[in-house]
Amino acid sequence: MEEIKLGMVGLGTVGSGVLEMVQKHAAKISAVTGRKLALKTVVVRNLAKHAAVAQQVHLTTDLNEILTDPEIQIVVEVMGGIHPAKEVITQLLTAHKHVVTANKDLIATEGAKLIELARANHCDLLYEASVAGGIPILRTIADSFAADQITEVKGIVNGTTNYILTQMAQQHWSYEQALQKAQELGFAEADPTNDVKGKDAAYKMVILSQFSFGTRVPVAAVATEGIDQVAAQDVAQAAAFGYTIKLVGVARLAGDGLFVEVAPALVNRHHPLAEVNNENNAVMVRGQAVGDTLFYGPGAGGLPTANSVLSDITTVMKNMILKTNGNSFNRYSKQLALAESAAVKDRYYLALTLPDQPGEMQKLTTEMAKLNASFSQIVQQAGQNGQARVMIITHEMSKAQLAQLQAALAALKTATLHCAYRVIE
Ligand SMILES: NC(=O)C1=CN([C@@H]2O[C@H](COP(=O)(O)OP(=O)(O)OC[C@H]3O[C@@H](n4cnc5c(N)ncnc54)[C@H](OP(=O)(O)O)[C@@H]3O)[C@@H](O)[C@H]2O)C=CC1
Ligand SMILES: N[C@@H](CC=O)C(=O)O
């Protein structure tokens, strides 16, 4: 049987999973593709660190060993980050190697240029693993939603933060303890800042938006808030109201535009997203024809992510046999403007502190009434230093109304708004 040789750059959590799958699942890969797959060369930073693997695969620190090897036709990039990953993939595509990557940072920020370079060189550039780890969501949207009009895609798309929130809520671990464990388990990025600040999820929502709506939204246009400011009081009050706090990415058509955001949200405990725990992710795709669909699975971790990488590799292999390489992963393109804030409507959970004095609550409700904003649930708790903490679940209001309310509360000077989280029923 003909053998297809693979190269790889990076041998961390995902790279080690790819090595394991190529070895353990060799028979299935051959049965499905009609070709043997062999991992020939892996580029690492530090040879000594990976000495134990040197018996199984050729290790090098020199990318040229892959670039100049005519036997290696497909290369996996799992080093992460934007630089030098961008330069590495650019060199690989220029050398006519097909590339499979798990790198959402790079695809979300520089994807357009790399996709064009791949097309110009008749190479495949596939990145199923870049969104939601082991969930096969990108190919599903590209293929199975090819004819349907998607109106909303939302979900939990970061494993690290979902793991942290789950441990904090269920095991009562501290934020720091849960983050450290997520790092030990290989879920977090090398630098976890992007995980906890929501940027990793924003990268994924940019890629999901491109597949779902055909529009490439700049990362900077995605309003992004992480979980590092979520207060224990709000986790407890959310539970008392009947909700669970999750970091949720939303991309939806609103008015004539597209709205994309990543932020903590209160998810009704009966909603399927409320049941998504630990490093698991879930993506809900709403199509005009099909209605609501839900895709669930591990969003981080070596072997689950490697499975998505291998699905891309086998796709490249099949394309090589059929001589159909060089087509873009996602072929849907449609230019949508960003949605007007008046068109984006949700219910919100608001947490404020006010002076614990007669008339202060009245001022708050008066400001809300001026904006035609109302609420369905409200709780007031005595706090410290003569302050009361007020927690509200509003009726539906627009982003524009919310911004006006925030400005009005700031003008009052006595009220401090701590958070405004979307409510998902
Ligand atoms: N971990 C996960 O669950 C998931 C990760 N991803 C993505 O997959 C990619 C890899 O993630 P992950 O495996 O967790 O990352 P790791 O940090 O575990 O591994 C990165 C690997 O790349 C190597 N590396 C980094 N820079 C260079 C360089 N300049 N030259 C050669 N090798 C280099 C590192 O070397 P060294 O060992 O010497 O440090 C390490 O082996 C990232 O883009 C990530 O966002 C996607 C989905 C899930
Ligand atoms: N750090 C990421 C890894 C997968 O993309 C996450 O936690 O989701």
# chains A, B, ... in the order shown; residues from 1 in each chain; ligands from 1
$ residues_around --residues "range 89-97 of chain A" --least-positions-apart "6" --cutoff "10 Å" --atoms "only C-alpha atoms" --output "short mmCIF file (atom, residue, chain, number, x, y, z; two decimals) with C-alpha atoms, in the first residue's frame"
data_model
loop_
_atom_site.label_atom_id
_atom_site.label_comp_id
_atom_site.auth_asym_id
_atom_site.auth_seq_id
_atom_site.Cartn_x
_atom_site.Cartn_y
_atom_site.Cartn_z
CA LEU A 6 3.50 13.41 7.53
CA GLY A 7 5.56 16.12 9.25
CA VAL A 9 5.71 21.16 14.18
CA LEU A 63 12.12 23.22 10.01
CA ASN A 64 14.18 22.93 6.80
CA ILE A 66 10.52 19.20 6.56
CA LEU A 67 10.52 22.01 4.00
CA THR A 68 13.14 20.32 1.82
CA ASP A 69 11.90 16.74 2.22
CA PRO A 70 9.95 15.88 -0.95
CA ILE A 72 6.60 14.85 3.34
CA GLN A 73 3.40 16.11 1.73
CA ILE A 74 1.24 16.97 4.75
CA VAL A 75 2.39 18.94 7.81
CA VAL A 76 0.57 19.45 11.13
CA GLU A 77 1.20 22.75 12.92
CA LEU A 106 -3.64 32.40 13.76
CA LYS A 113 -3.99 35.62 3.88
CA LEU A 114 -3.05 32.01 4.61
CA ILE A 115 -6.19 30.66 2.93
CA LEU A 117 -1.73 31.44 -0.09
CA ALA A 118 -2.95 27.84 0.19
CA ARG A 119 -5.29 28.34 -2.77
CA ALA A 120 -2.53 29.92 -4.87
CA ASN A 121 -0.27 26.91 -4.15
CA HIS A 122 -3.05 24.30 -4.74
CA CYS A 123 -2.66 23.17 -1.14
CA ASP A 124 -5.19 22.23 1.52
CA LEU A 125 -5.28 24.31 4.71
#
$ residues_near_ligand --ligand "ligand 1" --cutoff "7 Å" --atoms "only C-alpha atoms and all ligand atoms" --output "PDB file with C-alpha atoms, in the first residue's frame"
ATOM      1  CA  VAL A   9       5.713  21.157  14.184  1.00  0.00           C
ATOM      2  CA  GLY A  10       5.129  21.008  17.960  1.00  0.00           C
ATOM      3  CA  LEU A  11       4.932  18.013  20.286  1.00  0.00           C
ATOM      4  CA  GLY A  12       2.953  19.214  23.303  1.00  0.00           C
ATOM      5  CA  THR A  13      -0.545  18.192  24.410  1.00  0.00           C
ATOM      6  CA  VAL A  14      -2.047  18.008  20.906  1.00  0.00           C
ATOM      7  CA  GLY A  15       1.117  16.902  19.088  1.00  0.00           C
ATOM      8  CA  VAL A  43      10.110  19.784  14.763  1.00  0.00           C
ATOM      9  CA  VAL A  44      10.483  20.649  18.458  1.00  0.00           C
ATOM     10  CA  ARG A  45      12.165  23.479  20.336  1.00  0.00           C
ATOM     11  CA  ASN A  46      14.075  21.362  22.805  1.00  0.00           C
ATOM     12  CA  LYS A  49      12.790  17.432  26.556  1.00  0.00           C
ATOM     13  CA  THR A  61      14.860  21.596  15.700  1.00  0.00           C
ATOM     14  CA  VAL A  78       0.535  22.395  16.658  1.00  0.00           C
ATOM     15  CA  MET A  79       3.036  24.829  18.112  1.00  0.00           C
ATOM     16  CA  GLY A  80       0.391  27.499  18.780  1.00  0.00           C
ATOM     17  CA  GLY A  81       0.484  31.315  18.894  1.00  0.00           C
ATOM     18  CA  PRO A  84       6.361  32.226  14.428  1.00  0.00           C
ATOM     19  CA  ALA A 102      -5.310  23.581  15.487  1.00  0.00           C
ATOM     20  CA  ASN A 103      -4.272  27.214  15.763  1.00  0.00           C
ATOM     21  CA  LYS A 104      -7.342  29.444  16.234  1.00  0.00           C
ATOM     22  CA  ASP A 105      -5.267  32.504  17.179  1.00  0.00           C
ATOM     23  CA  ALA A 129      -9.387  21.355  15.670  1.00  0.00           C
ATOM     24  CA  SER A 130      -9.207  25.129  16.005  1.00  0.00           C
ATOM     25  CA  VAL A 131     -12.816  25.368  17.273  1.00  0.00           C
ATOM     26  CA  ALA A 132     -14.240  23.309  20.142  1.00  0.00           C
ATOM     27  CA  GLY A 133     -11.421  20.715  20.241  1.00  0.00           C
ATOM     28  CA  GLY A 186      -3.300  20.405  29.180  1.00  0.00           C
ATOM     29  CA  PHE A 187      -6.584  22.276  28.533  1.00  0.00           C
ATOM     30  CA  ALA A 188      -5.196  25.808  28.905  1.00  0.00           C
ATOM     31  CA  GLU A 189      -3.052  27.641  26.377  1.00  0.00           C
ATOM     32  CA  ALA A 190       0.702  27.914  27.109  1.00  0.00           C
ATOM     33  CA  GLY A 299     -13.475  21.053  23.881  1.00  0.00           C
ATOM     34  CA  ALA A 300      -9.878  20.550  24.966  1.00  0.00           C
ATOM     35  CA  GLY A 301      -7.395  17.779  25.651  1.00  0.00           C
ATOM     36  CA  GLY A 302      -4.770  15.904  23.659  1.00  0.00           C
ATOM     37  CA  THR A 305      -8.217  17.473  19.673  1.00  0.00           C
TER      38      THR A 305
END
$ closest_residue --among "A:Ile156, A:Ala220, A:Leu371, A:Val344" --to "ligand 2" --atoms "only C-alpha atoms and all ligand atoms"
A:Ile156
$ select_by_dssp --residues "range 183-370 of chain A" --states "strand (DSSP E)" --output "ChimeraX atom specification"
/A:223-224,243-254,257-268,280-287,291-298,345-355
$ residues_around --residues "Arg216 in chain A" --least-positions-apart "5" --cutoff "7 Å" --atoms "only C-alpha atoms" --output "list in words"
Val206, Ser209 and Gln210 of chain A
$ closest_residue --among "A:Gln55, A:Asn158, A:Thr60, A:Gln180" --to "ligand 2" --atoms "only C-alpha atoms and all ligand atoms"
A:Asn158
$ decode --residues "range 7-51 of chain A" --atoms "N, CA and C atoms" --output "PDB file, in the first residue's frame"
ATOM      1  N   GLY A   7       4.636  15.388   8.372  1.00  0.00           N
ATOM      2  CA  GLY A   7       5.557  16.119   9.246  1.00  0.00           C
ATOM      3  C   GLY A   7       4.732  16.818  10.312  1.00  0.00           C
ATOM      4  N   MET A   8       5.359  17.243  11.390  1.00  0.00           N
ATOM      5  CA  MET A   8       4.615  17.958  12.438  1.00  0.00           C
ATOM      6  C   MET A   8       5.538  18.984  13.090  1.00  0.00           C
ATOM      7  N   VAL A   9       4.960  20.123  13.454  1.00  0.00           N
ATOM      8  CA  VAL A   9       5.713  21.157  14.184  1.00  0.00           C
ATOM      9  C   VAL A   9       5.025  21.334  15.530  1.00  0.00           C
ATOM     10  N   GLY A  10       5.713  20.947  16.619  1.00  0.00           N
ATOM     11  CA  GLY A  10       5.129  21.008  17.960  1.00  0.00           C
ATOM     12  C   GLY A  10       4.806  19.611  18.462  1.00  0.00           C
ATOM     13  N   LEU A  11       5.177  19.347  19.706  1.00  0.00           N
ATOM     14  CA  LEU A  11       4.932  18.013  20.286  1.00  0.00           C
ATOM     15  C   LEU A  11       4.510  18.176  21.749  1.00  0.00           C
ATOM     16  N   GLY A  12       3.482  19.008  21.956  1.00  0.00           N
ATOM     17  CA  GLY A  12       2.953  19.214  23.303  1.00  0.00           C
ATOM     18  C   GLY A  12       1.707  18.365  23.493  1.00  0.00           C
ATOM     19  N   THR A  13       0.689  18.940  24.122  1.00  0.00           N
ATOM     20  CA  THR A  13      -0.545  18.192  24.410  1.00  0.00           C
ATOM     21  C   THR A  13      -1.156  17.621  23.132  1.00  0.00           C
ATOM     22  N   VAL A  14      -1.363  18.460  22.133  1.00  0.00           N
ATOM     23  CA  VAL A  14      -2.047  18.008  20.906  1.00  0.00           C
ATOM     24  C   VAL A  14      -1.100  17.180  20.043  1.00  0.00           C
ATOM     25  N   GLY A  15       0.150  17.640  19.908  1.00  0.00           N
ATOM     26  CA  GLY A  15       1.117  16.902  19.088  1.00  0.00           C
ATOM     27  C   GLY A  15       1.301  15.476  19.589  1.00  0.00           C
ATOM     28  N   SER A  16       1.382  15.308  20.913  1.00  0.00           N
ATOM     29  CA  SER A  16       1.537  13.958  21.474  1.00  0.00           C
ATOM     30  C   SER A  16       0.302  13.108  21.169  1.00  0.00           C
ATOM     31  N   GLY A  17      -0.874  13.735  21.199  1.00  0.00           N
ATOM     32  CA  GLY A  17      -2.109  13.020  20.843  1.00  0.00           C
ATOM     33  C   GLY A  17      -2.101  12.587  19.389  1.00  0.00           C
ATOM     34  N   VAL A  18      -1.587  13.454  18.509  1.00  0.00           N
ATOM     35  CA  VAL A  18      -1.526  13.107  17.075  1.00  0.00           C
ATOM     36  C   VAL A  18      -0.579  11.921  16.874  1.00  0.00           C
ATOM     37  N   LEU A  19       0.590  11.968  17.524  1.00  0.00           N
ATOM     38  CA  LEU A  19       1.554  10.860  17.411  1.00  0.00           C
ATOM     39  C   LEU A  19       0.895   9.551  17.853  1.00  0.00           C
ATOM     40  N   GLU A  20       0.191   9.607  18.997  1.00  0.00           N
ATOM     41  CA  GLU A  20      -0.456   8.393  19.523  1.00  0.00           C
ATOM     42  C   GLU A  20      -1.513   7.864  18.549  1.00  0.00           C
ATOM     43  N   MET A  21      -2.316   8.789  18.002  1.00  0.00           N
ATOM     44  CA  MET A  21      -3.383   8.321  17.091  1.00  0.00           C
ATOM     45  C   MET A  21      -2.825   7.753  15.798  1.00  0.00           C
ATOM     46  N   VAL A  22      -1.774   8.394  15.255  1.00  0.00           N
ATOM     47  CA  VAL A  22      -1.191   7.889  13.998  1.00  0.00           C
ATOM     48  C   VAL A  22      -0.689   6.462  14.219  1.00  0.00           C
ATOM     49  N   GLN A  23      -0.130   6.209  15.408  1.00  0.00           N
ATOM     50  CA  GLN A  23       0.388   4.868  15.691  1.00  0.00           C
ATOM     51  C   GLN A  23      -0.737   3.872  15.985  1.00  0.00           C
ATOM     52  N   LYS A  24      -1.648   4.247  16.898  1.00  0.00           N
ATOM     53  CA  LYS A  24      -2.652   3.276  17.372  1.00  0.00           C
ATOM     54  C   LYS A  24      -3.787   3.040  16.373  1.00  0.00           C
ATOM     55  N   HIS A  25      -4.057   4.022  15.535  1.00  0.00           N
ATOM     56  CA  HIS A  25      -5.209   3.909  14.641  1.00  0.00           C
ATOM     57  C   HIS A  25      -4.776   3.731  13.184  1.00  0.00           C
ATOM     58  N   ALA A  26      -3.540   3.225  13.009  1.00  0.00           N
ATOM     59  CA  ALA A  26      -2.977   3.096  11.655  1.00  0.00           C
ATOM     60  C   ALA A  26      -3.866   2.237  10.752  1.00  0.00           C
ATOM     61  N   ALA A  27      -4.372   1.130  11.283  1.00  0.00           N
ATOM     62  CA  ALA A  27      -5.154   0.205  10.457  1.00  0.00           C
ATOM     63  C   ALA A  27      -6.446   0.877   9.971  1.00  0.00           C
ATOM     64  N   LYS A  28      -7.119   1.607  10.880  1.00  0.00           N
ATOM     65  CA  LYS A  28      -8.373   2.276  10.493  1.00  0.00           C
ATOM     66  C   LYS A  28      -8.094   3.363   9.450  1.00  0.00           C
ATOM     67  N   ILE A  29      -7.015   4.118   9.654  1.00  0.00           N
ATOM     68  CA  ILE A  29      -6.680   5.200   8.715  1.00  0.00           C
ATOM     69  C   ILE A  29      -6.429   4.608   7.327  1.00  0.00           C
ATOM     70  N   SER A  30      -5.708   3.482   7.265  1.00  0.00           N
ATOM     71  CA  SER A  30      -5.443   2.843   5.973  1.00  0.00           C
ATOM     72  C   SER A  30      -6.733   2.326   5.348  1.00  0.00           C
ATOM     73  N   ALA A  31      -7.602   1.749   6.193  1.00  0.00           N
ATOM     74  CA  ALA A  31      -8.851   1.195   5.665  1.00  0.00           C
ATOM     75  C   ALA A  31      -9.719   2.288   5.063  1.00  0.00           C
ATOM     76  N   VAL A  32      -9.714   3.463   5.695  1.00  0.00           N
ATOM     77  CA  VAL A  32     -10.583   4.553   5.251  1.00  0.00           C
ATOM     78  C   VAL A  32     -10.011   5.285   4.030  1.00  0.00           C
ATOM     79  N   THR A  33      -8.691   5.429   4.011  1.00  0.00           N
ATOM     80  CA  THR A  33      -8.088   6.254   2.942  1.00  0.00           C
ATOM     81  C   THR A  33      -7.466   5.440   1.815  1.00  0.00           C
ATOM     82  N   GLY A  34      -7.178   4.173   2.091  1.00  0.00           N
ATOM     83  CA  GLY A  34      -6.498   3.370   1.073  1.00  0.00           C
ATOM     84  C   GLY A  34      -5.001   3.658   1.008  1.00  0.00           C
ATOM     85  N   ARG A  35      -4.485   4.385   1.962  1.00  0.00           N
ATOM     86  CA  ARG A  35      -3.049   4.703   2.029  1.00  0.00           C
ATOM     87  C   ARG A  35      -2.566   4.519   3.462  1.00  0.00           C
ATOM     88  N   LYS A  36      -1.271   4.163   3.580  1.00  0.00           N
ATOM     89  CA  LYS A  36      -0.672   4.145   4.922  1.00  0.00           C
ATOM     90  C   LYS A  36      -0.288   5.572   5.287  1.00  0.00           C
ATOM     91  N   LEU A  37      -0.340   5.882   6.569  1.00  0.00           N
ATOM     92  CA  LEU A  37       0.077   7.214   7.037  1.00  0.00           C
ATOM     93  C   LEU A  37       1.252   7.025   7.995  1.00  0.00           C
ATOM     94  N   ALA A  38       2.360   7.716   7.727  1.00  0.00           N
ATOM     95  CA  ALA A  38       3.524   7.594   8.620  1.00  0.00           C
ATOM     96  C   ALA A  38       3.998   8.970   9.030  1.00  0.00           C
ATOM     97  N   LEU A  39       4.185   9.154  10.341  1.00  0.00           N
ATOM     98  CA  LEU A  39       4.733  10.423  10.850  1.00  0.00           C
ATOM     99  C   LEU A  39       6.249  10.330  10.748  1.00  0.00           C
ATOM    100  N   LYS A  40       6.843  11.112   9.835  1.00  0.00           N
ATOM    101  CA  LYS A  40       8.277  10.955   9.550  1.00  0.00           C
ATOM    102  C   LYS A  40       9.153  11.872  10.414  1.00  0.00           C
ATOM    103  N   THR A  41       8.781  13.165  10.513  1.00  0.00           N
ATOM    104  CA  THR A  41       9.661  14.143  11.171  1.00  0.00           C
ATOM    105  C   THR A  41       8.839  15.087  12.037  1.00  0.00           C
ATOM    106  N   VAL A  42       9.333  15.355  13.238  1.00  0.00           N
ATOM    107  CA  VAL A  42       8.663  16.320  14.115  1.00  0.00           C
ATOM    108  C   VAL A  42       9.670  17.397  14.530  1.00  0.00           C
ATOM    109  N   VAL A  43       9.277  18.661  14.343  1.00  0.00           N
ATOM    110  CA  VAL A  43      10.110  19.784  14.763  1.00  0.00           C
ATOM    111  C   VAL A  43       9.718  20.169  16.190  1.00  0.00           C
ATOM    112  N   VAL A  44      10.712  20.212  17.068  1.00  0.00           N
ATOM    113  CA  VAL A  44      10.483  20.649  18.458  1.00  0.00           C
ATOM    114  C   VAL A  44      11.463  21.774  18.786  1.00  0.00           C
ATOM    115  N   ARG A  45      11.236  22.412  19.935  1.00  0.00           N
ATOM    116  CA  ARG A  45      12.165  23.479  20.336  1.00  0.00           C
ATOM    117  C   ARG A  45      13.369  22.904  21.063  1.00  0.00           C
ATOM    118  N   ASN A  46      13.075  21.859  21.872  1.00  0.00           N
ATOM    119  CA  ASN A  46      14.075  21.362  22.805  1.00  0.00           C
ATOM    120  C   ASN A  46      14.157  19.838  22.663  1.00  0.00           C
ATOM    121  N   LEU A  47      15.211  19.365  22.017  1.00  0.00           N
ATOM    122  CA  LEU A  47      15.328  17.923  21.734  1.00  0.00           C
ATOM    123  C   LEU A  47      15.396  17.104  23.022  1.00  0.00           C
ATOM    124  N   ALA A  48      16.129  17.620  24.010  1.00  0.00           N
ATOM    125  CA  ALA A  48      16.339  16.862  25.252  1.00  0.00           C
ATOM    126  C   ALA A  48      15.004  16.582  25.946  1.00  0.00           C
ATOM    127  N   LYS A  49      14.095  17.571  25.888  1.00  0.00           N
ATOM    128  CA  LYS A  49      12.790  17.432  26.556  1.00  0.00           C
ATOM    129  C   LYS A  49      11.984  16.257  25.984  1.00  0.00           C
ATOM    130  N   HIS A  50      12.224  15.948  24.705  1.00  0.00           N
ATOM    131  CA  HIS A  50      11.410  14.922  24.045  1.00  0.00           C
ATOM    132  C   HIS A  50      12.202  13.642  23.766  1.00  0.00           C
ATOM    133  N   ALA A  51      13.305  13.441  24.523  1.00  0.00           N
ATOM    134  CA  ALA A  51      14.201  12.304  24.264  1.00  0.00           C
ATOM    135  C   ALA A  51      13.446  10.967  24.261  1.00  0.00           C
TER     136      ALA A  51
END
